[in-house]
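Raw contents of upload.cif, mmCIF, C-alpha atoms:
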data_target
loop_
_atom_site.label_atom_id
_atom_site.label_comp_id
_atom_site.auth_asym_id
_atom_site.auth_seq_id
_atom_site.Cartn_x
_atom_site.Cartn_y
_atom_site.Cartn_z
CA MET A 910 -1.66 -15.26 -14.68
CA SER A 911 -0.31 -11.78 -15.15
CA ALA A 912 3.05 -12.57 -16.64
CA ALA A 913 2.11 -15.74 -18.46
CA GLU A 914 -1.01 -14.34 -19.99
CA PRO A 915 -0.25 -12.97 -23.45
CA ALA A 916 -1.79 -9.56 -23.93
CA ARG A 917 -4.80 -9.64 -26.18
CA GLY A 918 -6.76 -6.90 -27.85
CA PRO A 919 -6.18 -4.58 -30.76
CA ASP A 920 -2.50 -4.02 -29.96
CA PRO A 921 -0.86 -7.41 -29.84
CA PRO A 922 2.66 -7.30 -28.43
CA ALA A 923 5.57 -7.78 -30.79
CA ARG A 924 6.56 -11.05 -29.15
CA GLY A 925 4.96 -14.25 -30.37
CA GLU A 926 1.94 -15.95 -28.94
CA GLY A 927 1.85 -18.49 -26.18
CA ARG A 928 4.77 -18.58 -23.78
CA PRO A 929 6.29 -15.23 -22.97
CA ALA A 930 9.77 -14.56 -24.28
CA PRO A 931 12.38 -15.49 -21.68
CA HIS A 932 13.86 -12.01 -21.73
CA PRO A 933 11.39 -9.27 -22.58
CA PRO A 934 12.83 -5.92 -23.61
CA PRO A 935 13.59 -3.50 -20.78
CA HIS A 936 10.31 -2.05 -19.67
CA PRO A 937 11.04 1.68 -19.82
CA ALA A 938 11.97 1.36 -23.51
CA ALA A 939 8.96 -0.76 -24.39
CA PRO A 940 7.00 0.55 -27.39
CA THR A 941 3.72 2.35 -26.81
CA ALA A 942 1.53 -0.51 -28.01
CA ASP A 943 3.22 -2.84 -25.53
CA ARG A 944 2.69 -0.33 -22.78
CA ARG A 945 -0.97 0.11 -23.52
CA ALA A 946 -1.33 -3.66 -23.52
CA ALA A 947 0.44 -3.77 -20.15
CA TYR A 948 -1.92 -1.12 -18.75
CA ARG A 949 -4.88 -3.22 -19.79
CA ALA A 950 -3.30 -6.47 -18.57
CA GLY A 951 -2.67 -4.95 -15.13
CA ALA A 952 -6.16 -3.50 -14.80
CA ARG A 953 -7.79 -6.71 -15.97
CA ALA A 954 -5.74 -8.85 -13.60
CA ALA A 955 -6.71 -6.53 -10.73
CA LEU A 956 -10.47 -6.73 -11.33
CA PRO A 957 -11.27 -10.01 -9.52
CA PHE A 958 -9.12 -8.88 -6.58
CA THR A 959 -10.93 -5.55 -6.59
CA VAL A 960 -14.32 -7.20 -6.08
CA ALA A 961 -12.99 -8.83 -2.90
CA ILE A 962 -11.14 -5.67 -1.83
CA PHE A 963 -14.27 -3.55 -2.32
CA ALA A 964 -16.16 -5.86 0.03
CA PHE A 965 -13.33 -5.77 2.55
CA GLY A 966 -13.26 -1.98 2.19
CA ILE A 967 -16.93 -1.87 3.19
CA SER A 968 -16.22 -3.93 6.29
CA PHE A 969 -13.26 -1.70 7.12
CA GLY A 970 -15.46 1.38 6.79
CA VAL A 971 -18.04 -0.18 9.09
CA LEU A 972 -15.37 -1.10 11.66
CA ALA A 973 -13.76 2.34 11.52
CA LYS A 974 -17.14 4.04 11.93
CA GLY A 975 -17.78 1.88 14.98
CA SER A 976 -14.37 2.87 16.40
CA GLY A 977 -15.01 6.59 16.29
CA PHE A 978 -13.61 7.42 12.86
CA THR A 979 -15.51 9.93 10.80
CA ALA A 980 -16.21 8.92 7.21
CA LEU A 981 -13.59 11.48 6.15
CA ALA A 982 -10.95 9.99 8.46
CA ALA A 983 -11.69 6.40 7.44
CA THR A 984 -11.59 7.21 3.73
CA THR A 985 -8.45 9.33 4.09
CA MET A 986 -6.75 6.46 5.86
CA SER A 987 -7.70 4.03 3.10
CA GLY A 988 -6.55 6.45 0.43
CA LEU A 989 -3.16 7.17 1.97
CA VAL A 990 -2.27 3.93 3.77
CA PHE A 991 -3.89 1.55 1.27
CA VAL A 992 -3.05 -1.59 3.24
CA GLY A 993 -6.10 -3.47 4.49
CA SER A 994 -4.44 -5.71 7.06
CA SER A 995 -2.50 -2.83 8.60
CA GLN A 996 -5.56 -0.57 8.81
CA PHE A 997 -7.69 -3.32 10.30
CA ALA A 998 -5.02 -3.97 12.92
CA ALA A 999 -4.62 -0.31 13.88
CA VAL A 1000 -8.35 0.36 14.11
CA SER A 1001 -8.97 -2.87 16.04
CA VAL A 1002 -6.40 -1.88 18.66
CA LEU A 1003 -8.08 1.49 19.04
CA ALA A 1004 -11.52 -0.15 19.20
CA GLY A 1005 -10.18 -2.53 21.86
CA GLY A 1006 -9.24 0.35 24.10
CA GLY A 1007 -5.57 0.67 23.13
CA GLY A 1008 -3.83 4.02 22.78
CA TRP A 1009 -2.97 5.67 19.47
CA VAL A 1010 0.70 4.70 19.75
CA ALA A 1011 -0.10 1.02 20.24
CA ALA A 1012 -2.52 1.20 17.33
CA ALA A 1013 0.04 2.82 15.03
CA VAL A 1014 2.73 0.30 16.06
CA ALA A 1015 0.42 -2.64 15.33
CA GLY A 1016 -0.39 -1.26 11.91
CA THR A 1017 3.25 -0.51 11.17
CA LEU A 1018 4.44 -4.00 12.08
CA LEU A 1019 2.08 -5.49 9.51
CA ASN A 1020 3.58 -3.12 6.95
CA LEU A 1021 7.16 -4.35 7.42
CA ARG A 1022 6.75 -6.71 4.48
CA TYR A 1023 6.54 -3.69 2.20
CA LEU A 1024 10.15 -2.92 3.03
CA VAL A 1025 11.14 -6.07 1.17
CA MET A 1026 8.59 -5.65 -1.60
CA GLY A 1027 9.59 -2.00 -2.08
CA PHE A 1028 13.26 -2.93 -2.49
CA ALA A 1029 12.33 -5.75 -4.84
CA ILE A 1030 10.33 -3.57 -7.21
CA LEU A 1031 12.77 -0.66 -7.13
CA PRO A 1032 14.60 -1.44 -10.43
CA ALA A 1033 11.28 -1.20 -12.30
CA LEU A 1034 10.39 2.27 -11.02
CA ARG A 1035 11.29 5.49 -12.79
CA GLY A 1036 12.64 8.89 -11.89
CA GLY A 1037 14.57 10.25 -8.93
CA ARG A 1038 14.29 9.32 -5.30
CA ALA A 1039 11.10 11.23 -4.59
CA ARG A 1040 9.23 10.03 -7.66
CA ARG A 1041 10.22 6.42 -7.11
CA ALA A 1042 9.21 6.64 -3.46
CA VAL A 1043 5.80 7.90 -4.57
CA GLU A 1044 5.45 5.24 -7.28
CA ALA A 1045 6.27 2.60 -4.66
CA GLN A 1046 3.15 3.65 -2.75
CA TRP A 1047 1.08 1.75 -5.34
CA VAL A 1048 2.56 -1.47 -4.02
CA ILE A 1049 0.21 -3.73 -2.15
CA GLU A 1050 0.44 -7.50 -2.19
CA GLU A 1051 -1.96 -7.83 -5.12
CA SER A 1052 -0.44 -5.13 -7.35
CA TRP A 1053 3.08 -6.34 -6.51
CA ALA A 1054 2.15 -9.88 -7.49
CA ILE A 1055 0.40 -8.74 -10.67
CA ALA A 1056 3.45 -6.66 -11.66
CA SER A 1057 5.92 -9.49 -11.12
CA ASP A 1058 7.34 -11.34 -14.09
CA ALA A 1059 8.47 -14.95 -13.94
CA ASP A 1060 12.11 -13.87 -14.39
CA GLY A 1061 12.14 -11.93 -11.13
CA ARG A 1062 11.66 -8.54 -12.77
CA PHE A 1063 8.69 -6.23 -12.38
CA ASP A 1064 6.55 -4.29 -14.83
CA ARG A 1065 6.03 -0.70 -13.72
CA VAL A 1066 2.99 -0.17 -15.95
CA ARG A 1067 1.19 -3.22 -14.58
CA LEU A 1068 1.97 -2.02 -11.05
CA LEU A 1069 0.44 1.41 -11.69
CA SER A 1070 -2.67 0.22 -13.53
CA SER A 1071 -3.50 -2.63 -11.17
CA GLY A 1072 -2.67 -0.43 -8.18
CA ALA A 1073 -5.04 2.29 -9.37
CA VAL A 1074 -7.92 -0.15 -9.93
CA LEU A 1075 -7.39 -1.79 -6.53
CA TRP A 1076 -7.08 1.61 -4.85
CA LEU A 1077 -10.40 2.76 -6.28
CA GLY A 1078 -12.10 -0.39 -5.02
CA TRP A 1079 -10.57 -0.05 -1.55
CA VAL A 1080 -11.34 3.64 -1.13
CA THR A 1081 -14.90 3.53 -2.49
CA GLY A 1082 -15.57 0.41 -0.42
CA THR A 1083 -14.40 2.22 2.70
CA LEU A 1084 -16.55 5.24 1.89
CA VAL A 1085 -19.63 3.07 1.33
CA GLY A 1086 -19.01 1.25 4.61
CA ALA A 1087 -18.40 4.42 6.60
CA LEU A 1088 -21.36 6.33 5.16
CA GLY A 1089 -23.83 3.63 4.28
CA PRO A 1090 -26.56 2.06 6.35
CA ILE A 1091 -24.87 -1.34 6.14
CA THR A 1092 -23.92 -2.62 9.54
CA ALA A 1093 -21.90 -5.60 8.38
CA VAL A 1094 -21.05 -7.08 5.03
CA ASP A 1095 -21.60 -10.76 5.08
CA ILE A 1096 -18.34 -11.71 3.42
CA THR A 1097 -18.54 -15.26 4.72
CA ARG A 1098 -22.11 -15.80 3.59
CA TYR A 1099 -21.15 -15.28 -0.05
CA GLY A 1100 -17.89 -17.22 0.26
CA LEU A 1101 -15.82 -14.13 -0.55
CA ASP A 1102 -13.22 -15.08 2.06
CA ALA A 1103 -12.12 -17.96 -0.20
CA VAL A 1104 -11.44 -15.61 -3.10
CA SER A 1105 -8.09 -14.14 -2.10
CA PRO A 1106 -6.27 -17.44 -1.30
CA VAL A 1107 -7.40 -18.76 -4.68
CA LEU A 1108 -6.22 -15.60 -6.44
CA PHE A 1109 -2.85 -15.74 -4.72
CA PHE A 1110 -2.55 -19.37 -5.78
CA LEU A 1111 -3.31 -18.39 -9.39
CA LEU A 1112 -0.59 -15.75 -9.15
CA ILE A 1113 2.03 -18.29 -8.01
CA ALA A 1114 1.54 -20.60 -10.98
CA PRO A 1115 3.61 -18.55 -13.50
CA HIS A 1116 6.49 -18.47 -11.01
CA LEU A 1117 6.74 -22.23 -10.80
CA GLY A 1118 7.26 -23.05 -14.48
CA THR A 1119 10.21 -25.19 -15.51
CA ASP A 1120 11.82 -22.40 -17.54
CA GLY A 1121 12.91 -20.35 -14.55
CA ARG A 1122 15.58 -20.77 -11.93
CA PRO A 1123 15.79 -24.29 -10.45
CA GLY A 1124 14.66 -24.70 -6.86
CA ARG A 1125 11.75 -22.27 -6.93
CA ARG A 1126 9.18 -25.00 -6.39
CA ALA A 1127 11.18 -26.34 -3.46
CA THR A 1128 11.41 -22.80 -2.05
CA ALA A 1129 7.65 -22.30 -2.38
CA LEU A 1130 7.03 -25.69 -0.76
CA ALA A 1131 9.35 -24.89 2.15
CA ALA A 1132 7.61 -21.53 2.61
CA THR A 1133 4.23 -23.32 2.55
CA GLY A 1134 5.40 -25.75 5.22
CA SER A 1135 6.76 -23.05 7.48
CA ALA A 1136 3.62 -20.93 7.00
CA LEU A 1137 1.50 -23.94 8.01
CA ALA A 1138 3.60 -24.52 11.11
CA LEU A 1139 3.67 -20.85 12.13
CA THR A 1140 -0.06 -20.41 11.52
CA ALA A 1141 -0.74 -23.51 13.62
CA ALA A 1142 1.42 -21.97 16.35
CA GLY A 1143 -0.70 -18.82 16.28
CA LEU A 1144 2.06 -16.70 14.69
CA PRO A 1145 0.90 -16.19 11.09
CA ASP A 1146 2.44 -12.72 10.92
CA THR A 1147 5.95 -14.16 11.32
CA ALA A 1148 5.48 -16.42 8.30
CA ILE A 1149 6.50 -13.59 5.95
CA ALA A 1150 9.82 -13.18 7.75
CA ALA A 1151 10.36 -16.95 7.65
CA ALA A 1152 9.71 -16.92 3.89
CA CYS A 1153 12.35 -14.19 3.51
CA LEU A 1154 14.87 -16.39 5.31
CA ILE A 1155 13.97 -19.42 3.17
CA ALA A 1156 14.39 -17.34 0.00
CA LEU A 1157 17.76 -16.08 1.26
CA VAL A 1158 18.98 -19.64 1.81
CA ALA A 1159 17.81 -20.61 -1.68
CA THR A 1160 19.61 -17.58 -3.13
CA ARG A 1161 22.90 -18.56 -1.45
CA ARG A 1162 22.56 -22.13 -2.69
CA ALA A 1163 21.89 -21.01 -6.27
CA ARG A 1164 25.22 -19.22 -6.45
CA MET B 805 -8.22 18.10 22.37
CA THR B 806 -6.48 15.43 20.40
CA ASP B 807 -8.60 12.99 18.50
CA PRO B 808 -6.84 9.61 18.64
CA THR B 809 -8.27 8.58 15.27
CA TRP B 810 -6.39 11.36 13.45
CA LEU B 811 -3.20 10.65 15.43
CA VAL B 812 -3.30 6.98 14.42
CA LEU B 813 -4.06 8.01 10.88
CA GLY B 814 -1.13 10.43 10.69
CA ALA B 815 1.34 8.02 12.27
CA LEU B 816 0.29 5.11 10.07
CA VAL B 817 0.40 7.20 6.91
CA ALA B 818 3.94 8.32 7.77
CA THR B 819 5.33 4.87 8.59
CA THR B 820 3.63 3.30 5.57
CA PHE B 821 5.10 5.91 3.24
CA LEU B 822 8.56 5.39 4.68
CA LEU B 823 8.39 1.59 4.56
CA LYS B 824 7.04 1.42 1.02
CA GLY B 825 9.37 4.14 -0.20
CA ALA B 826 12.44 3.02 1.76
CA GLY B 827 13.98 1.34 -1.27
CA ALA B 828 13.93 4.52 -3.33
CA LEU B 829 14.77 6.86 -0.45
CA VAL B 830 17.75 4.82 0.78
CA MET B 831 19.16 3.51 -2.47
CA GLY B 832 18.80 6.63 -4.60
CA ASP B 833 20.63 6.08 -7.86
CA ARG B 834 22.91 3.33 -6.61
CA ALA B 835 22.51 -0.08 -8.23
CA LEU B 836 21.19 -2.95 -6.17
CA PRO B 837 23.61 -5.78 -5.38
CA THR B 838 23.81 -8.44 -8.09
CA TRP B 839 22.38 -11.17 -5.87
CA PHE B 840 19.23 -9.19 -5.18
CA PRO B 841 17.20 -10.03 -8.33
CA ARG B 842 17.99 -13.70 -7.75
CA PHE B 843 16.73 -13.35 -4.18
CA VAL B 844 13.50 -11.76 -5.40
CA GLU B 845 13.00 -14.60 -7.87
CA TYR B 846 12.87 -16.98 -4.93
CA LEU B 847 11.09 -14.59 -2.62
CA THR B 848 8.05 -13.97 -4.82
CA PRO B 849 6.69 -17.54 -4.96
CA ALA B 850 7.63 -18.00 -1.29
CA LEU B 851 5.67 -14.92 -0.18
CA LEU B 852 2.70 -15.83 -2.36
CA ALA B 853 2.69 -19.34 -0.87
CA VAL B 854 2.62 -17.80 2.61
CA LEU B 855 -0.34 -15.61 1.62
CA VAL B 856 -2.25 -18.63 0.30
CA VAL B 857 -1.73 -20.49 3.57
CA THR B 858 -2.51 -17.63 5.93
CA GLN B 859 -5.60 -16.49 4.00
CA LEU B 860 -6.88 -20.03 3.48
CA LEU B 861 -6.26 -21.48 6.92
CA GLY B 862 -5.66 -18.53 9.22
CA ALA B 863 -8.14 -17.51 11.89
CA PRO B 864 -8.97 -13.85 12.51
CA ASP B 865 -7.72 -14.03 16.11
CA ASN B 866 -4.47 -15.90 15.23
CA GLY B 867 -6.05 -18.97 16.75
CA GLY B 868 -4.08 -21.55 14.80
CA LEU B 869 -5.03 -23.54 11.70
CA THR B 870 -8.71 -23.35 10.82
CA LEU B 871 -10.27 -25.84 8.44
CA ASP B 872 -13.57 -24.39 7.34
CA ALA B 873 -15.65 -23.94 4.20
CA ARG B 874 -12.81 -21.97 2.57
CA VAL B 875 -10.99 -25.28 2.04
CA THR B 876 -13.96 -26.68 0.11
CA GLY B 877 -14.02 -23.58 -2.05
CA PHE B 878 -10.27 -23.75 -2.63
CA ALA B 879 -10.45 -27.43 -3.62
CA ALA B 880 -13.31 -26.74 -6.03
CA ALA B 881 -11.36 -23.85 -7.53
CA LEU B 882 -8.32 -26.11 -7.99
CA VAL B 883 -10.47 -28.55 -9.97
CA ALA B 884 -11.80 -25.71 -12.14
CA TRP B 885 -8.24 -24.45 -12.65
CA ARG B 886 -7.01 -27.91 -13.69
CA LEU B 887 -9.87 -28.05 -16.18
CA ARG B 888 -8.47 -24.78 -17.62
CA ALA B 889 -11.48 -22.68 -16.66
CA PRO B 890 -10.94 -18.91 -17.15
CA VAL B 891 -9.92 -16.95 -14.05
CA PRO B 892 -13.30 -15.28 -13.36
CA LEU B 893 -14.98 -18.68 -13.47
CA VAL B 894 -12.39 -20.15 -11.09
CA ILE B 895 -13.13 -17.30 -8.66
CA LEU B 896 -16.87 -17.79 -9.01
CA VAL B 897 -16.49 -21.52 -8.32
CA ALA B 898 -14.42 -20.75 -5.20
CA ALA B 899 -16.99 -18.33 -3.77
CA ALA B 900 -20.01 -20.47 -4.70
CA ALA B 901 -18.52 -23.69 -3.29
CA THR B 902 -17.51 -21.91 -0.07
CA ALA B 903 -20.94 -20.35 0.37
CA ALA B 904 -22.65 -23.68 -0.39
CA ALA B 905 -20.46 -25.60 2.06
CA ARG B 906 -21.21 -23.01 4.73
CA ALA B 907 -24.93 -23.07 4.10
CA LEU B 908 -25.01 -26.87 4.36
CA THR B 909 -23.13 -27.17 7.65
#
Written form, structure tokens:
Amino acid sequence: MSAAEPARGPDPPARGEGRPAPHPPPHPAAPTADRRAAYRAGARAALPFTVAIFAFGISFGVLAKGSGFTALAATTMSGLVFVGSSQFAAVSVLAGGGGWVAAAVAGTLLNLRYLVMGFAILPALRGGRARRAVEAQWVIEESWAIASDADGRFDRVRLLSSGAVLWLGWVTGTLVGALGPITAVDITRYGLDAVSPVLFFLLIAPHLGTDGRPGRRATALAATGSALALTAAGLPDTAIAAACLIALVATRRAR
Amino acid sequence: MTDPTWLVLGALVATTFLLKGAGALVMGDRALPTWFPRFVEYLTPALLAVLVVTQLLGAPDNGGLTLDARVTGFAAALVAWRLRAPVPLVILVAAAATAAARALT
């Protein structure tokens, strides 16, 4: 939805309506109106994810509180790590009686995917090494997906605006969970656990259009199949690595 | 007295920063290889497909494929999406159908 959705509002982009131009102008040189539209597009695309992330933040805060984290520690972790799955893993290991090294390793392993995502988004970031390394911290799966264009490029502005909105939801959710009287957020009762797969599906759609590189649908299908098999085998965390391999094979074939 | 919570926090913050920032820290001003953007073009839909599968069918304890009310919600959302419903409505349909399916079983 992010890339295919033409920006609306008082500052319409210079490009025409409907389908996005196949080759948008380089992002750093984009005119101000385009950039403001991109800020809004990123923030708006992040909102539905943020509702889910806020709820997950509350449950993380509750879990962290139960595992001996102070509200300050839990919120600091959410603010600086900003990866739900990794934080859940680390805190669960600690709660299960594991040591701090085992907890940190578990959390780090789940973060390996950001190595790939960080490299992928690098051309869109600005500044020297340090600044780009800091800008890359806004990458989480949702902001990365929202920032991605169908042509394989990324929009820095959409990354920053969606990242900021998601970050606020995650951090305030954690704080509410760690401080509040809530003992558990009934995510399942309100069906919120079905929200993120649907959102990720909606984010794939622009990448599977017929105007892009051939073979992307086949690649996505192969990744789906391998993810199904690996999840069935109880190894869902390896599915990301398998998808990297599948994408590498497709890249070699496309040569 | 070392509080394990702050040790985990510090370690995880450090590794996360390094992993997310590795691209910028390692590459510096060098250009990425020419095949890399092509790779990313294939990688993005592949990774998103993985996330759909693991979040839709994964179990919290890695206990294999789980078919539960989420599937009902996902199917209902697909119908709404095919009918060109706006994104917030698609999300609402997904959550409502999932909650309803759970309440009825």
Interface rows for chain A against chain B: nearest pair, Å to one decimal, 6 Å, only C-alpha atoms, as CSV:
residue,atom,partner,partner_atom,distance
A:Phe978,CA,B:Thr809,CA,6.0
A:Met986,CA,B:Leu813,CA,5.9
A:Val990,CA,B:Val817,CA,5.3
A:Trp1009,CA,B:Val812,CA,5.2
A:Ala1013,CA,B:Val812,CA,5.4
A:Tyr1023,CA,B:Lys824,CA,5.3
A:Leu1024,CA,B:Leu823,CA,5.1
A:Gly1027,CA,B:Lys824,CA,5.3
A:Phe1028,CA,B:Gly827,CA,4.5
A:Arg1038,CA,B:Ala828,CA,5.2
A:Arg1041,CA,B:Ala828,CA,5.6
A:Ala1042,CA,B:Gly825,CA,4.1
A:Ala1045,CA,B:Gly825,CA,5.6
A:Gln1046,CA,B:Lys824,CA,5.9
A:Gly1061,CA,B:Glu845,CA,4.3
A:Arg1098,CA,B:Ala903,CA,5.7
A:Tyr1099,CA,B:Ala903,CA,5.1
A:Gly1100,CA,B:Ala899,CA,4.3
A:Leu1101,CA,B:Ala899,CA,5.4
A:Ala1103,CA,B:Arg874,CA,4.9
A:Pro1106,CA,B:Val856,CA,4.5
A:Phe1109,CA,B:Val856,CA,5.8
A:Ile1113,CA,B:Pro849,CA,5.6
A:Arg1125,CA,B:Tyr846,CA,5.8
A:Ala1129,CA,B:Ala850,CA,4.4
A:Ala1132,CA,B:Ala850,CA,5.3
A:Thr1133,CA,B:Ala853,CA,5.5
A:Ala1136,CA,B:Val854,CA,5.5
A:Thr1140,CA,B:Gly868,CA,5.3
A:Ala1141,CA,B:Gly868,CA,4.0
A:Ala1142,CA,B:Gly868,CA,5.7
A:Gly1143,CA,B:Gly868,CA,4.6
A:Ala1152,CA,B:Ala850,CA,5.7
A:Ala1156,CA,B:Leu847,CA,5.0
A:Thr1160,CA,B:Phe843,CA,5.2
(request) Quick one: pull the distance between CA of Val1048 (chain A) and CA of Leu981 (chain A), Å, one decimal. (result) 23.1 Å
(request) For CA of Phe1063 (chain A) and CA of Ala1033 (chain A), determine how far apart the two atoms are, in Å to one decimal place. (result) 5.7 Å
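Our summary of the geometry notes that CA of Ala1056 (chain A) is positioned 8.6 Å from CA of Leu1069 (chain A).
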(request) Measuring atom to atom with only C-alpha atoms, identify which of A:Ser968, A:Ser1135, A:Thr1097, A:Ser1057 is nearest to Ser1071 (chain A). (result)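 So, comparing all the options, the nearest one is A:Ser1057.
Distance check against Trp1076 (chain A) using all atoms listed in the file: of A:Phe963, A:Phe1110, A:Phe969, A:Phe997, the minimum falls on A:Phe963.
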(request) Pick out the closest residue to Ala1148 (chain A) from this set: A:Val1107, A:Ala952, A:Val1002, A:Ala1131. Count all atoms listed in the file. (result) A:Ala1131
(message) Using only C-alpha atoms for the distances, tell me which of A:Thr1128, A:Thr984, A:Thr1147, A:Thr1083 is nearest to Ala964 (chain A).
(response)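 Smallest separation from Ala964 (chain A) among the options: A:Thr1083.
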(message) Can you pull out the residues contacting Ala1011 (chain A)? Cut-off 10 Å, using all atoms listed in the file, and skip same-chain residues under 5 positions away; I want them as a PyMOL selection string.
(response) (chain A and resi 999+1002-1003+1006+1016-1017) or (chain B and resi 812)
